[in-house]
>>> print(open('protein_7.txt').read())   # compact mmCIF, N, CA and C atoms
# COMPACT_ATOMS: atom_id res chain seq x y z
N MET I 1 39.99 -6.21 20.56
CA MET I 1 39.00 -6.23 21.61
C MET I 1 37.60 -5.99 21.05
N ALA I 2 37.51 -5.12 20.04
CA ALA I 2 36.20 -4.82 19.46
C ALA I 2 35.59 -6.05 18.81
N SER I 3 36.41 -6.88 18.15
CA SER I 3 35.87 -8.07 17.50
C SER I 3 35.30 -9.05 18.52
N ILE I 4 35.91 -9.12 19.70
CA ILE I 4 35.38 -10.00 20.75
C ILE I 4 34.03 -9.50 21.24
N ILE I 5 33.93 -8.19 21.43
CA ILE I 5 32.67 -7.62 21.91
C ILE I 5 31.57 -7.78 20.87
N TYR I 6 31.89 -7.52 19.59
CA TYR I 6 30.89 -7.71 18.53
C TYR I 6 30.43 -9.16 18.47
N GLY I 7 31.36 -10.07 18.59
CA GLY I 7 31.02 -11.50 18.56
C GLY I 7 30.16 -11.91 19.74
N LEU I 8 30.49 -11.41 20.92
CA LEU I 8 29.68 -11.72 22.10
C LEU I 8 28.27 -11.13 22.00
N CYS I 9 28.16 -9.95 21.43
CA CYS I 9 26.82 -9.36 21.23
C CYS I 9 25.99 -10.20 20.26
N ALA I 10 26.61 -10.67 19.19
CA ALA I 10 25.90 -11.52 18.24
C ALA I 10 25.49 -12.84 18.89
N LEU I 11 26.38 -13.44 19.66
CA LEU I 11 26.04 -14.69 20.34
C LEU I 11 24.93 -14.49 21.37
N THR I 12 24.95 -13.36 22.05
CA THR I 12 23.89 -13.07 23.02
C THR I 12 22.55 -12.91 22.35
N ALA I 13 22.51 -12.21 21.22
CA ALA I 13 21.25 -12.04 20.49
C ALA I 13 20.75 -13.37 19.95
N MET I 14 21.65 -14.23 19.47
CA MET I 14 21.23 -15.54 18.97
C MET I 14 20.73 -16.43 20.11
N THR I 15 21.36 -16.33 21.27
CA THR I 15 20.90 -17.10 22.42
C THR I 15 19.52 -16.64 22.87
N CYS I 16 19.31 -15.33 22.89
CA CYS I 16 17.98 -14.81 23.25
C CYS I 16 16.93 -15.27 22.25
N THR I 17 17.28 -15.28 20.96
CA THR I 17 16.35 -15.77 19.94
C THR I 17 15.96 -17.21 20.22
N TRP I 18 16.96 -18.04 20.46
CA TRP I 18 16.69 -19.46 20.71
C TRP I 18 15.85 -19.66 21.96
N LEU I 19 16.18 -18.96 23.04
CA LEU I 19 15.43 -19.11 24.28
C LEU I 19 13.98 -18.64 24.14
N LEU I 20 13.78 -17.51 23.49
CA LEU I 20 12.43 -16.99 23.33
C LEU I 20 11.58 -17.89 22.45
N LEU I 21 12.13 -18.33 21.33
CA LEU I 21 11.32 -19.16 20.42
C LEU I 21 11.09 -20.56 20.98
N SER I 22 12.05 -21.11 21.71
CA SER I 22 11.82 -22.43 22.30
C SER I 22 10.79 -22.35 23.42
N THR I 23 10.81 -21.27 24.18
CA THR I 23 9.80 -21.10 25.23
C THR I 23 8.43 -20.84 24.61
N TYR I 24 8.39 -20.15 23.48
CA TYR I 24 7.11 -19.95 22.78
C TYR I 24 6.53 -21.29 22.33
N ARG I 25 7.38 -22.19 21.82
CA ARG I 25 6.88 -23.50 21.40
C ARG I 25 6.30 -24.29 22.56
N LYS I 26 6.83 -24.10 23.74
CA LYS I 26 6.33 -24.83 24.92
C LYS I 26 5.06 -24.21 25.48
N THR I 27 5.00 -22.87 25.51
CA THR I 27 3.89 -22.20 26.19
C THR I 27 2.82 -21.67 25.25
N GLY I 28 3.20 -21.29 24.05
CA GLY I 28 2.25 -20.72 23.11
C GLY I 28 1.92 -19.26 23.37
N TYR I 29 2.67 -18.61 24.25
CA TYR I 29 2.45 -17.21 24.55
C TYR I 29 2.99 -16.36 23.41
N ARG I 30 2.11 -15.60 22.74
CA ARG I 30 2.45 -14.96 21.47
C ARG I 30 3.48 -13.84 21.59
N LEU I 31 3.54 -13.17 22.73
CA LEU I 31 4.53 -12.11 22.87
C LEU I 31 5.95 -12.66 22.82
N LEU I 32 6.14 -13.89 23.26
CA LEU I 32 7.44 -14.54 23.14
C LEU I 32 7.81 -14.74 21.67
N PHE I 33 6.81 -15.05 20.84
CA PHE I 33 7.05 -15.22 19.41
C PHE I 33 7.52 -13.92 18.77
N TRP I 34 6.80 -12.83 19.07
CA TRP I 34 7.17 -11.54 18.49
C TRP I 34 8.53 -11.08 18.99
N SER I 35 8.83 -11.33 20.25
CA SER I 35 10.14 -10.98 20.79
C SER I 35 11.24 -11.83 20.16
N GLY I 36 10.95 -13.11 19.93
CA GLY I 36 11.92 -13.98 19.27
C GLY I 36 12.22 -13.54 17.85
N LEU I 37 11.20 -13.11 17.13
CA LEU I 37 11.43 -12.59 15.78
C LEU I 37 12.27 -11.31 15.82
N CYS I 38 12.01 -10.47 16.81
CA CYS I 38 12.79 -9.25 16.97
C CYS I 38 14.26 -9.58 17.22
N PHE I 39 14.51 -10.50 18.11
CA PHE I 39 15.91 -10.85 18.39
C PHE I 39 16.56 -11.60 17.24
N ALA I 40 15.80 -12.29 16.43
CA ALA I 40 16.38 -12.90 15.22
C ALA I 40 16.87 -11.81 14.27
N GLY I 41 16.07 -10.77 14.11
CA GLY I 41 16.50 -9.64 13.29
C GLY I 41 17.68 -8.91 13.89
N LEU I 42 17.70 -8.78 15.21
CA LEU I 42 18.84 -8.14 15.86
C LEU I 42 20.11 -8.99 15.75
N SER I 43 19.94 -10.30 15.67
CA SER I 43 21.10 -11.18 15.42
C SER I 43 21.68 -10.91 14.04
N ILE I 44 20.80 -10.76 13.07
CA ILE I 44 21.25 -10.42 11.71
C ILE I 44 21.95 -9.08 11.72
N ASN I 45 21.39 -8.13 12.47
CA ASN I 45 22.01 -6.82 12.59
C ASN I 45 23.42 -6.92 13.17
N ASN I 46 23.60 -7.74 14.20
CA ASN I 46 24.92 -7.90 14.80
C ASN I 46 25.90 -8.60 13.87
N ILE I 47 25.41 -9.55 13.09
CA ILE I 47 26.28 -10.22 12.11
C ILE I 47 26.71 -9.23 11.03
N LEU I 48 25.78 -8.38 10.60
CA LEU I 48 26.16 -7.35 9.62
C LEU I 48 27.16 -6.37 10.21
N LEU I 49 27.05 -6.09 11.51
CA LEU I 49 28.02 -5.23 12.17
C LEU I 49 29.41 -5.85 12.14
N ILE I 50 29.49 -7.15 12.38
CA ILE I 50 30.79 -7.83 12.33
C ILE I 50 31.38 -7.76 10.92
N PHE I 51 30.53 -7.99 9.92
CA PHE I 51 31.03 -7.90 8.54
C PHE I 51 31.45 -6.47 8.20
N ASP I 52 30.70 -5.49 8.67
CA ASP I 52 30.98 -4.10 8.35
C ASP I 52 32.26 -3.61 9.02
N ARG I 53 32.44 -3.93 10.27
CA ARG I 53 33.57 -3.37 11.04
C ARG I 53 34.84 -4.21 11.00
N ILE I 54 34.70 -5.53 10.81
CA ILE I 54 35.88 -6.39 10.91
C ILE I 54 36.27 -7.00 9.56
N VAL I 55 35.30 -7.55 8.83
CA VAL I 55 35.63 -8.26 7.59
C VAL I 55 35.89 -7.28 6.45
N PHE I 56 34.92 -6.40 6.18
CA PHE I 56 35.05 -5.42 5.10
C PHE I 56 35.33 -4.05 5.71
N THR I 57 36.54 -3.82 6.13
CA THR I 57 36.83 -2.60 6.89
C THR I 57 36.70 -1.34 6.05
N THR I 58 37.25 -1.32 4.85
CA THR I 58 37.20 -0.10 4.05
C THR I 58 36.53 -0.28 2.70
N SER I 59 36.36 -1.49 2.24
CA SER I 59 35.88 -1.69 0.87
C SER I 59 34.37 -1.56 0.75
N VAL I 60 33.62 -1.94 1.77
CA VAL I 60 32.16 -1.94 1.68
C VAL I 60 31.59 -1.24 2.91
N ASP I 61 30.57 -0.41 2.70
CA ASP I 61 29.88 0.24 3.81
C ASP I 61 28.51 -0.40 3.97
N LEU I 62 28.31 -1.11 5.08
CA LEU I 62 27.05 -1.80 5.34
C LEU I 62 26.17 -1.08 6.35
N SER I 63 26.46 0.20 6.60
CA SER I 63 25.70 0.90 7.64
C SER I 63 24.23 1.05 7.27
N THR I 64 23.92 1.26 6.01
CA THR I 64 22.51 1.37 5.59
C THR I 64 21.79 0.05 5.79
N TRP I 65 22.45 -1.05 5.45
CA TRP I 65 21.84 -2.37 5.63
C TRP I 65 21.66 -2.70 7.10
N ARG I 66 22.61 -2.27 7.93
CA ARG I 66 22.49 -2.50 9.37
C ARG I 66 21.31 -1.75 9.95
N LEU I 67 21.15 -0.49 9.55
CA LEU I 67 20.03 0.30 10.05
C LEU I 67 18.70 -0.26 9.56
N LEU I 68 18.65 -0.71 8.31
CA LEU I 68 17.44 -1.29 7.77
C LEU I 68 17.09 -2.59 8.47
N SER I 69 18.09 -3.41 8.77
CA SER I 69 17.81 -4.67 9.47
C SER I 69 17.34 -4.41 10.90
N ALA I 70 17.86 -3.38 11.55
CA ALA I 70 17.40 -3.04 12.90
C ALA I 70 15.96 -2.55 12.87
N LEU I 71 15.61 -1.76 11.88
CA LEU I 71 14.22 -1.30 11.74
C LEU I 71 13.28 -2.46 11.49
N ILE I 72 13.64 -3.34 10.59
CA ILE I 72 12.80 -4.50 10.28
C ILE I 72 12.71 -5.43 11.48
N ALA I 73 13.78 -5.51 12.27
CA ALA I 73 13.77 -6.37 13.46
C ALA I 73 12.80 -5.87 14.51
N LEU I 74 12.66 -4.57 14.63
CA LEU I 74 11.78 -4.02 15.66
C LEU I 74 10.30 -4.02 15.26
N LEU I 75 10.01 -4.13 13.99
CA LEU I 75 8.61 -4.10 13.54
C LEU I 75 7.76 -5.24 14.09
N PRO I 76 8.22 -6.50 14.12
CA PRO I 76 7.37 -7.56 14.70
C PRO I 76 7.08 -7.34 16.18
N LEU I 77 8.06 -6.87 16.92
CA LEU I 77 7.84 -6.61 18.35
C LEU I 77 6.86 -5.46 18.53
N LEU I 78 6.98 -4.44 17.72
CA LEU I 78 6.03 -3.33 17.78
C LEU I 78 4.62 -3.80 17.46
N TYR I 79 4.48 -4.64 16.44
CA TYR I 79 3.19 -5.20 16.10
C TYR I 79 2.61 -6.01 17.27
N GLY I 80 3.45 -6.85 17.84
CA GLY I 80 3.00 -7.69 18.95
C GLY I 80 2.59 -6.90 20.16
N LEU I 81 3.30 -5.81 20.45
CA LEU I 81 2.97 -5.00 21.60
C LEU I 81 1.69 -4.19 21.40
N ILE I 82 1.42 -3.78 20.17
CA ILE I 82 0.25 -2.94 19.92
C ILE I 82 -1.01 -3.76 19.67
N TRP I 83 -0.94 -4.77 18.81
CA TRP I 83 -2.17 -5.43 18.38
C TRP I 83 -2.46 -6.78 19.02
N GLU I 84 -1.53 -7.34 19.75
CA GLU I 84 -1.82 -8.60 20.43
C GLU I 84 -2.68 -8.36 21.65
N GLU I 85 -3.69 -9.16 21.81
CA GLU I 85 -4.58 -9.06 22.98
C GLU I 85 -4.46 -10.33 23.79
N GLU I 86 -3.81 -10.23 24.93
CA GLU I 86 -3.68 -11.40 25.80
C GLU I 86 -3.32 -10.98 27.19
>>> encode(input="protein_7.txt", output="structure tokens")
Amino acid sequence: MASIIYGLCALTAMTCTWLLLSTYRKTGYRLLFWSGLCFAGLSINNILLIFDRIVFTTSVDLSTWRLLSALIALLPLLYGLIWEEE
């Protein structure tokens, strides 16, 4: 059951990435761009979670990489929320 939930979370994050970036291309609204970059990083985070919990169950610990990818994913959104003027 956990693998299904992890997979659905990854698919949801990838869908949000696609929707945000495609809408940014149509409208040019910059906050959509920063949000799309954030969700792209969160998609990577979810993929690393799948590898950590399902593929490499005991041999490799990817928790540090998952936390680092989540931090890097949130930085573009933080930048967009603070310094974008629109």
>>> residues_around(input="protein_7.txt", residues="stretch 77-81 of chain I", least_positions_apart="2", cutoff="8 Å", atoms="all atoms listed in the file", output="PyMOL selection string")
chain I and resi 30-31+33-39+72-75+83-85
>>> residues_around(input="protein_7.txt", residues="I:Cys9", least_positions_apart="4", cutoff="12 Å", atoms="only C-alpha atoms", output="JSON, numbers by chain")
{"I": [2, 3, 4, 5, 13, 14, 15, 16, 39, 42, 43, 44, 45, 46, 47, 48, 49, 50]}
>>> atom_distance(input="protein_7.txt", atom1="atom CA of I:Ser59", atom2="atom CA of I:Met1")
21.5 Å
>>> closest_residue(input="protein_7.txt", among="I:Arg53, I:Leu20, I:Gly41, I:Ile82", to="I:Leu67", atoms="only C-alpha atoms")
I:Gly41
